[in-house]
2 protein chains.
Amino acid sequence: MEALRRRILQDGRYLGRGIIKVDCFINHQVDAPLMVEAGRELARRFAPAGPTKVLTAESSGIAPALCTGLAMGLPVVYARKRRPVTMPQAVFRRTAPSHTKGVEVELLVSPEVLGPGDRVLIVDDFLASAQTILALAGLVQDAGATLVGVGVVIEKGFEGGRAALAALGVPVEALAIIERVEGDQIVMTP
Amino acid sequence: MEALRRRILQDGRYLGRGIIKVDCFINHQVDAPLMVEAGRELARRFAPAGPTKVLTAESSGIAPALCTGLAMGLPVVYARKRRPVTMPQAVFRRTAPSHTKGVEVELLVSPEVLGPGDRVLIVDDFLASAQTILALAGLVQDAGATLVGVGVVIEKGFEGGRAALAALGVPVEALAIIERVEGDQIVMTP
């Protein structure tokens, strides 16, 4: 996705230790029109997989997942990191380490919104080491639902996430791939 | 908004202690087409106010804020509850009690995404006691930005939030108002 690729090169910043700062247009401030375009492109790529639901993790996954759900006319579920009082006691629960917060986080989904009938497309803002996405795939498995694909806005190609997802046996799509970082320069796959 | 009103009466549930459960279509699973419609309606109501940015709090505010931003072609900022490593040390910071989690939460916004030039529309899923919205309004003030309105998807009319917002001196709009609860029955303003 060329507009996204250009925006990352223009406004993305490398902070060291593998951290790419894109919080002026992806995950603190969201460039709404750009995100709509990203959702449309993920929808186009995953239409053949026939998903019935989009799944993501709060909070930074919500914008790309919602835009994908909008483009496909599908409900969007975001796994919660803390149990609100509105959630039943018995939930699907997995854990994953947070890259940018340095803690282990729980991901919780209510059985009221994910079950055996669902064909699930996982969408997130980043694919890095894939720990969050593997936890989401675990929730899909716990619910007896079927995973049909994984779509992300930005892949950090140098963190091995794609290889870690191979065992899932589903298509994995990234709209922009950061190949490596040279000094503080972001190098993207053309 | 009639579709929303009907959906709340059909799928909303009262859990006691003022808590309304709408997590199958608003704030865990999101009914994407319904949320788009909500965003369009908030956009229509606030067009005269001329906002340049939409502000909300993660996580459950993101979906309605994003849909409003989409309808208006505006960037959307969501205040974070924990500081990611991508956020600068010096941030705007307010606190608010969380209704559904029983804890005090911080709301953080980077000065990189909110400043004196911004005309801000605050959007959230719920208006209850208004503590979260008042904290967001505090962040707008801290940034030297101008608050132009407050829009919510659902107002709990029995918790006094609207009166608490009066001092802000801006229009407040709710797409559906829950007037009271009788037993476990939700009663909505027609």
# chains A, B, ... in the order shown; residues from 1 in each chain; ligands from 1
$ residues_around --residues "B:Glu104" --least-positions-apart "5" --cutoff "12 Å" --atoms "only C-alpha atoms" --output "short mmCIF file (atom, residue, chain, number, x, y, z; two decimals) with all heavy atoms, in the first residue's frame"
data_model
loop_
_atom_site.label_atom_id
_atom_site.label_comp_id
_atom_site.auth_asym_id
_atom_site.auth_seq_id
_atom_site.Cartn_x
_atom_site.Cartn_y
_atom_site.Cartn_z
N LYS B 81 -4.00 4.84 28.56
CA LYS B 81 -4.09 4.65 30.01
C LYS B 81 -2.76 4.22 30.62
O LYS B 81 -2.58 4.31 31.83
CB LYS B 81 -5.19 3.63 30.32
CG LYS B 81 -6.57 4.21 29.97
CD LYS B 81 -7.72 3.28 30.23
CE LYS B 81 -9.04 3.98 29.88
NZ LYS B 81 -10.18 3.06 29.81
N ARG B 94 -4.19 13.35 33.06
CA ARG B 94 -5.32 13.55 33.98
C ARG B 94 -5.73 12.19 34.52
O ARG B 94 -5.41 11.17 33.92
CB ARG B 94 -6.50 14.20 33.25
CG ARG B 94 -6.24 15.61 32.77
CD ARG B 94 -6.59 16.64 33.84
NE ARG B 94 -6.29 18.00 33.43
CZ ARG B 94 -6.89 19.07 33.95
NH1 ARG B 94 -7.81 18.95 34.89
NH2 ARG B 94 -6.55 20.28 33.55
N THR B 95 -6.48 12.16 35.58
CA THR B 95 -6.97 10.88 36.09
C THR B 95 -8.49 10.90 36.19
O THR B 95 -9.11 11.95 36.32
CB THR B 95 -6.40 10.55 37.48
OG1 THR B 95 -6.77 11.58 38.38
CG2 THR B 95 -4.89 10.43 37.45
N ALA B 96 -9.06 9.70 36.10
CA ALA B 96 -10.52 9.55 36.23
C ALA B 96 -10.80 8.17 36.83
O ALA B 96 -10.08 7.22 36.55
CB ALA B 96 -11.19 9.68 34.88
N PRO B 97 -11.86 8.07 37.65
CA PRO B 97 -12.23 6.74 38.15
C PRO B 97 -12.91 5.94 37.04
O PRO B 97 -13.67 6.49 36.26
CB PRO B 97 -13.21 7.06 39.28
CG PRO B 97 -13.76 8.41 38.95
CD PRO B 97 -12.74 9.13 38.13
N SER B 98 -12.58 4.64 36.93
CA SER B 98 -13.26 3.79 35.95
C SER B 98 -14.49 3.16 36.57
O SER B 98 -14.42 2.51 37.60
CB SER B 98 -12.33 2.70 35.43
OG SER B 98 -13.09 1.71 34.79
N HIS B 99 -15.59 3.35 35.88
CA HIS B 99 -16.89 2.85 36.32
C HIS B 99 -16.95 1.33 36.33
O HIS B 99 -17.45 0.72 37.27
CB HIS B 99 -17.91 3.36 35.31
CG HIS B 99 -19.12 3.91 35.93
ND1 HIS B 99 -19.07 5.02 36.74
CD2 HIS B 99 -20.41 3.53 35.89
CE1 HIS B 99 -20.28 5.29 37.16
NE2 HIS B 99 -21.11 4.40 36.66
N GLN B 131 -17.03 11.55 34.49
CA GLN B 131 -15.67 11.71 35.01
C GLN B 131 -14.61 11.54 33.92
O GLN B 131 -13.65 12.30 33.86
CB GLN B 131 -15.41 10.70 36.14
CG GLN B 131 -16.27 10.94 37.38
CD GLN B 131 -16.17 12.35 37.90
OE1 GLN B 131 -15.09 12.82 38.24
NE2 GLN B 131 -17.28 13.07 37.94
N THR B 132 -14.80 10.55 33.04
CA THR B 132 -13.83 10.35 31.95
C THR B 132 -13.84 11.54 31.00
O THR B 132 -12.79 12.05 30.59
CB THR B 132 -14.16 9.07 31.17
OG1 THR B 132 -14.15 7.97 32.08
CG2 THR B 132 -13.14 8.81 30.06
N ALA B 135 -12.13 14.49 32.44
CA ALA B 135 -10.67 14.32 32.37
C ALA B 135 -10.17 14.62 30.96
O ALA B 135 -9.14 15.27 30.78
CB ALA B 135 -10.29 12.90 32.80
#
$ interface_residues --of "chain B" --to "chain A" --cutoff "6 Å" --atoms "only C-alpha atoms" --output "list in words"
Lys21, His28, Gln29, Val30, Asp31, Ala32, Ser59, Leu70, Pro75, Val76, Val77, Tyr78, Pro84, Val85, Thr86, Thr100 and Lys101 of chain B
$ write_last_selection --atoms "all heavy atoms" --output "short mmCIF file (atom, residue, chain, number, x, y, z; two decimals), in the first residue's frame"
data_model
loop_
_atom_site.label_atom_id
_atom_site.label_comp_id
_atom_site.auth_asym_id
_atom_site.auth_seq_id
_atom_site.Cartn_x
_atom_site.Cartn_y
_atom_site.Cartn_z
N LYS B 21 -25.02 -3.52 30.23
CA LYS B 21 -24.15 -4.38 29.41
C LYS B 21 -24.57 -4.27 27.94
O LYS B 21 -25.68 -4.64 27.56
CB LYS B 21 -24.31 -5.83 29.90
CG LYS B 21 -23.56 -6.88 29.11
CD LYS B 21 -23.77 -8.25 29.76
CE LYS B 21 -23.39 -9.41 28.86
NZ LYS B 21 -21.95 -9.59 28.73
N HIS B 28 -17.15 -4.56 23.13
CA HIS B 28 -16.26 -5.74 23.20
C HIS B 28 -16.34 -6.35 21.81
O HIS B 28 -15.35 -6.43 21.09
CB HIS B 28 -16.72 -6.72 24.29
CG HIS B 28 -15.91 -7.98 24.38
ND1 HIS B 28 -14.58 -8.02 24.09
CD2 HIS B 28 -16.26 -9.25 24.75
CE1 HIS B 28 -14.14 -9.27 24.27
NE2 HIS B 28 -15.13 -10.03 24.66
N GLN B 29 -17.57 -6.70 21.42
CA GLN B 29 -17.86 -6.88 20.00
C GLN B 29 -18.51 -5.58 19.51
O GLN B 29 -19.38 -5.03 20.19
CB GLN B 29 -18.81 -8.05 19.78
CG GLN B 29 -19.20 -8.27 18.32
CD GLN B 29 -19.86 -9.61 18.10
OE1 GLN B 29 -19.27 -10.52 17.57
NE2 GLN B 29 -21.10 -9.74 18.53
N VAL B 30 -18.05 -5.09 18.36
CA VAL B 30 -18.60 -3.86 17.79
C VAL B 30 -19.41 -4.22 16.55
O VAL B 30 -18.89 -4.88 15.65
CB VAL B 30 -17.47 -2.88 17.39
CG1 VAL B 30 -18.07 -1.59 16.82
CG2 VAL B 30 -16.56 -2.58 18.56
N ASP B 31 -20.67 -3.81 16.50
CA ASP B 31 -21.47 -3.92 15.29
C ASP B 31 -20.99 -2.80 14.37
O ASP B 31 -21.38 -1.64 14.52
CB ASP B 31 -22.95 -3.76 15.63
CG ASP B 31 -23.85 -3.88 14.41
OD1 ASP B 31 -23.43 -3.44 13.31
OD2 ASP B 31 -24.97 -4.38 14.55
N ALA B 32 -20.11 -3.15 13.43
CA ALA B 32 -19.43 -2.13 12.62
C ALA B 32 -20.42 -1.25 11.83
O ALA B 32 -20.31 -0.02 11.88
CB ALA B 32 -18.39 -2.78 11.71
N SER B 59 -10.24 2.08 25.85
CA SER B 59 -10.34 1.43 24.57
C SER B 59 -11.74 1.59 23.97
O SER B 59 -11.89 1.65 22.77
CB SER B 59 -10.12 -0.07 24.73
OG SER B 59 -8.79 -0.33 25.08
N LEU B 70 -13.99 9.42 10.76
CA LEU B 70 -14.14 8.99 9.36
C LEU B 70 -15.19 9.83 8.66
O LEU B 70 -14.98 10.31 7.55
CB LEU B 70 -14.59 7.53 9.30
CG LEU B 70 -13.56 6.49 9.69
CD1 LEU B 70 -14.15 5.09 9.60
CD2 LEU B 70 -12.35 6.63 8.81
N PRO B 75 -8.55 13.60 11.95
CA PRO B 75 -7.73 12.69 12.75
C PRO B 75 -8.39 12.42 14.10
O PRO B 75 -9.13 13.26 14.63
CB PRO B 75 -6.41 13.44 12.93
CG PRO B 75 -6.69 14.87 12.60
CD PRO B 75 -7.90 14.90 11.71
N VAL B 76 -8.11 11.25 14.64
CA VAL B 76 -8.70 10.81 15.91
C VAL B 76 -7.56 10.51 16.88
O VAL B 76 -6.65 9.75 16.55
CB VAL B 76 -9.53 9.53 15.70
CG1 VAL B 76 -10.08 9.02 17.02
CG2 VAL B 76 -10.65 9.79 14.69
N VAL B 77 -7.61 11.12 18.05
CA VAL B 77 -6.60 10.85 19.09
C VAL B 77 -7.25 10.07 20.21
O VAL B 77 -8.33 10.43 20.68
CB VAL B 77 -6.02 12.16 19.66
CG1 VAL B 77 -5.13 11.89 20.87
CG2 VAL B 77 -5.24 12.91 18.58
N TYR B 78 -6.63 8.95 20.62
CA TYR B 78 -7.14 8.29 21.82
C TYR B 78 -6.12 8.42 22.94
O TYR B 78 -4.96 8.08 22.80
CB TYR B 78 -7.57 6.85 21.60
CG TYR B 78 -6.65 5.89 20.89
CD1 TYR B 78 -5.76 5.08 21.60
CD2 TYR B 78 -6.71 5.74 19.52
CE1 TYR B 78 -4.95 4.15 20.95
CE2 TYR B 78 -5.90 4.82 18.85
CZ TYR B 78 -5.03 4.04 19.57
OH TYR B 78 -4.22 3.14 18.92
N PRO B 84 3.06 4.06 26.58
CA PRO B 84 3.91 3.18 25.77
C PRO B 84 5.30 3.81 25.64
O PRO B 84 5.44 5.03 25.82
CB PRO B 84 3.22 3.12 24.41
CG PRO B 84 2.01 3.99 24.50
CD PRO B 84 2.08 4.78 25.75
N VAL B 85 6.31 3.02 25.29
CA VAL B 85 7.68 3.56 25.17
C VAL B 85 7.79 4.55 24.02
O VAL B 85 8.75 5.33 23.97
CB VAL B 85 8.73 2.44 24.96
CG1 VAL B 85 8.81 1.57 26.19
CG2 VAL B 85 8.43 1.60 23.72
N THR B 86 6.80 4.54 23.12
CA THR B 86 6.82 5.48 21.99
C THR B 86 6.35 6.88 22.39
O THR B 86 6.47 7.82 21.61
CB THR B 86 5.89 4.96 20.87
OG1 THR B 86 4.66 4.54 21.46
CG2 THR B 86 6.52 3.79 20.14
N THR B 100 -16.43 0.73 35.24
CA THR B 100 -16.62 -0.71 35.06
C THR B 100 -15.43 -1.51 35.55
O THR B 100 -15.47 -2.73 35.54
CB THR B 100 -16.87 -1.04 33.57
OG1 THR B 100 -15.88 -0.37 32.78
CG2 THR B 100 -18.25 -0.59 33.15
N LYS B 101 -14.34 -0.86 35.96
CA LYS B 101 -13.19 -1.62 36.42
C LYS B 101 -12.84 -1.34 37.87
O LYS B 101 -11.97 -1.98 38.44
CB LYS B 101 -11.99 -1.37 35.50
CG LYS B 101 -12.28 -1.92 34.11
CD LYS B 101 -11.08 -1.87 33.21
CE LYS B 101 -11.47 -2.26 31.79
NZ LYS B 101 -10.91 -1.36 30.80
#
$ atom_distance --atom1 "atom CA of B:Leu134" --atom2 "atom CA of B:Glu159"
14.3 Å
$ atom_distance --atom1 "atom CA of A:Pro190" --atom2 "atom CA of A:Gly12"
16.1 Å
$ residues_around --residues "A:Val187" --least-positions-apart "5" --cutoff "9 Å" --atoms "only C-alpha atoms" --output "count of residues only"
7
$ select_by_dssp --residues "chain B" --states "strand (DSSP E)" --output "PyMOL selection string"
chain B and resi 13-14+20-21+29-30+53-57+76-79+92-97+104-109+119-127+146-156+172-182+185-188
$ atom_distance --atom1 "atom CA of B:Glu41" --atom2 "atom CA of A:Pro51"
28.3 Å
$ residues_around --residues "stretch 138-149 of chain B" --least-positions-apart "2" --cutoff "7 Å" --atoms "only C-alpha atoms" --output "ChimeraX atom specification"
/B:49,51,92-94,111,114-122,134-136,151,170-172
$ decode --residues "stretch 122-138 of chain A" --atoms "all heavy atoms" --output "tab-separated table (two decimals), in the first residue's frame"
chain	number	residue	atom	x	y	z
A	122	ILE	N	-7.87	-12.38	12.03
A	122	ILE	CA	-7.17	-11.58	13.05
A	122	ILE	C	-6.52	-10.37	12.36
A	122	ILE	O	-5.87	-10.52	11.33
A	122	ILE	CB	-6.08	-12.42	13.76
A	122	ILE	CG1	-6.73	-13.50	14.63
A	122	ILE	CG2	-5.16	-11.53	14.60
A	122	ILE	CD1	-5.74	-14.47	15.27
A	123	VAL	N	-6.74	-9.18	12.93
A	123	VAL	CA	-6.13	-7.96	12.39
A	123	VAL	C	-5.44	-7.22	13.52
A	123	VAL	O	-5.98	-7.13	14.63
A	123	VAL	CB	-7.20	-7.04	11.74
A	123	VAL	CG1	-6.61	-5.67	11.39
A	123	VAL	CG2	-7.79	-7.70	10.49
A	124	ASP	N	-4.24	-6.71	13.27
A	124	ASP	CA	-3.55	-5.92	14.28
A	124	ASP	C	-2.75	-4.81	13.60
A	124	ASP	O	-2.60	-4.82	12.38
A	124	ASP	CB	-2.64	-6.81	15.13
A	124	ASP	CG	-2.44	-6.26	16.55
A	124	ASP	OD1	-2.93	-5.15	16.85
A	124	ASP	OD2	-1.80	-6.95	17.37
A	125	ASP	N	-2.28	-3.85	14.40
A	125	ASP	CA	-1.48	-2.78	13.80
A	125	ASP	C	-0.09	-3.28	13.41
A	125	ASP	O	0.38	-2.99	12.32
A	125	ASP	CB	-1.41	-1.53	14.72
A	125	ASP	CG	-0.86	-1.81	16.11
A	125	ASP	OD1	-0.86	-2.98	16.55
A	125	ASP	OD2	-0.42	-0.84	16.78
A	126	PHE	N	0.54	-4.08	14.29
A	126	PHE	CA	1.91	-4.53	14.03
A	126	PHE	C	2.02	-6.06	14.05
A	126	PHE	O	1.38	-6.73	14.86
A	126	PHE	CB	2.86	-4.00	15.11
A	126	PHE	CG	3.45	-2.65	14.78
A	126	PHE	CD1	2.97	-1.50	15.37
A	126	PHE	CD2	4.50	-2.55	13.88
A	126	PHE	CE1	3.52	-0.26	15.07
A	126	PHE	CE2	5.06	-1.32	13.57
A	126	PHE	CZ	4.57	-0.17	14.16
A	127	LEU	N	2.87	-6.58	13.18
A	127	LEU	CA	3.40	-7.93	13.33
A	127	LEU	C	4.89	-7.78	13.63
A	127	LEU	O	5.64	-7.29	12.78
A	127	LEU	CB	3.20	-8.74	12.04
A	127	LEU	CG	3.97	-10.07	11.94
A	127	LEU	CD1	3.62	-11.01	13.09
A	127	LEU	CD2	3.69	-10.76	10.60
A	128	ALA	N	5.28	-8.13	14.85
A	128	ALA	CA	6.70	-8.03	15.22
A	128	ALA	C	7.16	-9.45	15.56
A	128	ALA	O	7.40	-10.26	14.66
A	128	ALA	CB	6.88	-7.07	16.38
A	129	SER	N	7.17	-9.81	16.83
A	129	SER	CA	7.55	-11.17	17.20
A	129	SER	C	6.35	-12.12	17.14
A	129	SER	O	6.50	-13.32	17.32
A	129	SER	CB	8.13	-11.18	18.61
A	129	SER	OG	7.13	-10.79	19.53
A	130	ALA	N	5.17	-11.58	16.91
A	130	ALA	CA	3.93	-12.35	16.71
A	130	ALA	C	3.33	-12.91	18.00
A	130	ALA	O	2.39	-13.69	17.94
A	130	ALA	CB	4.14	-13.49	15.70
A	131	GLN	N	3.84	-12.50	19.15
A	131	GLN	CA	3.32	-13.06	20.40
A	131	GLN	C	1.85	-12.70	20.64
A	131	GLN	O	1.06	-13.53	21.07
A	131	GLN	CB	4.17	-12.57	21.59
A	131	GLN	CG	5.60	-13.06	21.57
A	131	GLN	CD	5.70	-14.57	21.44
A	131	GLN	OE1	5.18	-15.30	22.27
A	131	GLN	NE2	6.34	-15.04	20.38
A	132	THR	N	1.49	-11.45	20.36
A	132	THR	CA	0.08	-11.05	20.53
A	132	THR	C	-0.82	-11.82	19.57
A	132	THR	O	-1.89	-12.31	19.96
A	132	THR	CB	-0.08	-9.53	20.28
A	132	THR	OG1	0.77	-8.83	21.20
A	132	THR	CG2	-1.52	-9.09	20.51
A	133	ILE	N	-0.38	-11.93	18.34
A	133	ILE	CA	-1.20	-12.61	17.33
A	133	ILE	C	-1.33	-14.10	17.66
A	133	ILE	O	-2.41	-14.68	17.51
A	133	ILE	CB	-0.63	-12.36	15.92
A	133	ILE	CG1	-0.87	-10.89	15.56
A	133	ILE	CG2	-1.29	-13.28	14.90
A	133	ILE	CD1	-0.16	-10.41	14.32
A	134	LEU	N	-0.26	-14.71	18.16
A	134	LEU	CA	-0.36	-16.12	18.56
A	134	LEU	C	-1.33	-16.29	19.74
A	134	LEU	O	-2.06	-17.27	19.81
A	134	LEU	CB	1.02	-16.68	18.90
A	134	LEU	CG	1.92	-16.93	17.67
A	134	LEU	CD1	3.36	-17.25	18.10
A	134	LEU	CD2	1.37	-18.05	16.79
A	135	ALA	N	-1.33	-15.31	20.64
A	135	ALA	CA	-2.29	-15.37	21.76
A	135	ALA	C	-3.72	-15.24	21.25
A	135	ALA	O	-4.62	-15.95	21.70
A	135	ALA	CB	-1.98	-14.27	22.78
A	136	LEU	N	-3.93	-14.34	20.28
A	136	LEU	CA	-5.27	-14.20	19.67
A	136	LEU	C	-5.67	-15.51	18.96
A	136	LEU	O	-6.82	-15.96	19.08
A	136	LEU	CB	-5.30	-13.03	18.69
A	136	LEU	CG	-5.22	-11.63	19.30
A	136	LEU	CD1	-5.00	-10.57	18.22
A	136	LEU	CD2	-6.48	-11.31	20.11
A	137	ALA	N	-4.73	-16.12	18.26
A	137	ALA	CA	-5.01	-17.40	17.59
A	137	ALA	C	-5.36	-18.47	18.62
A	137	ALA	O	-6.22	-19.33	18.38
A	137	ALA	CB	-3.81	-17.83	16.75
A	138	GLY	N	-4.72	-18.39	19.79
A	138	GLY	CA	-5.05	-19.31	20.88
A	138	GLY	C	-6.48	-19.12	21.36
A	138	GLY	O	-7.19	-20.09	21.65
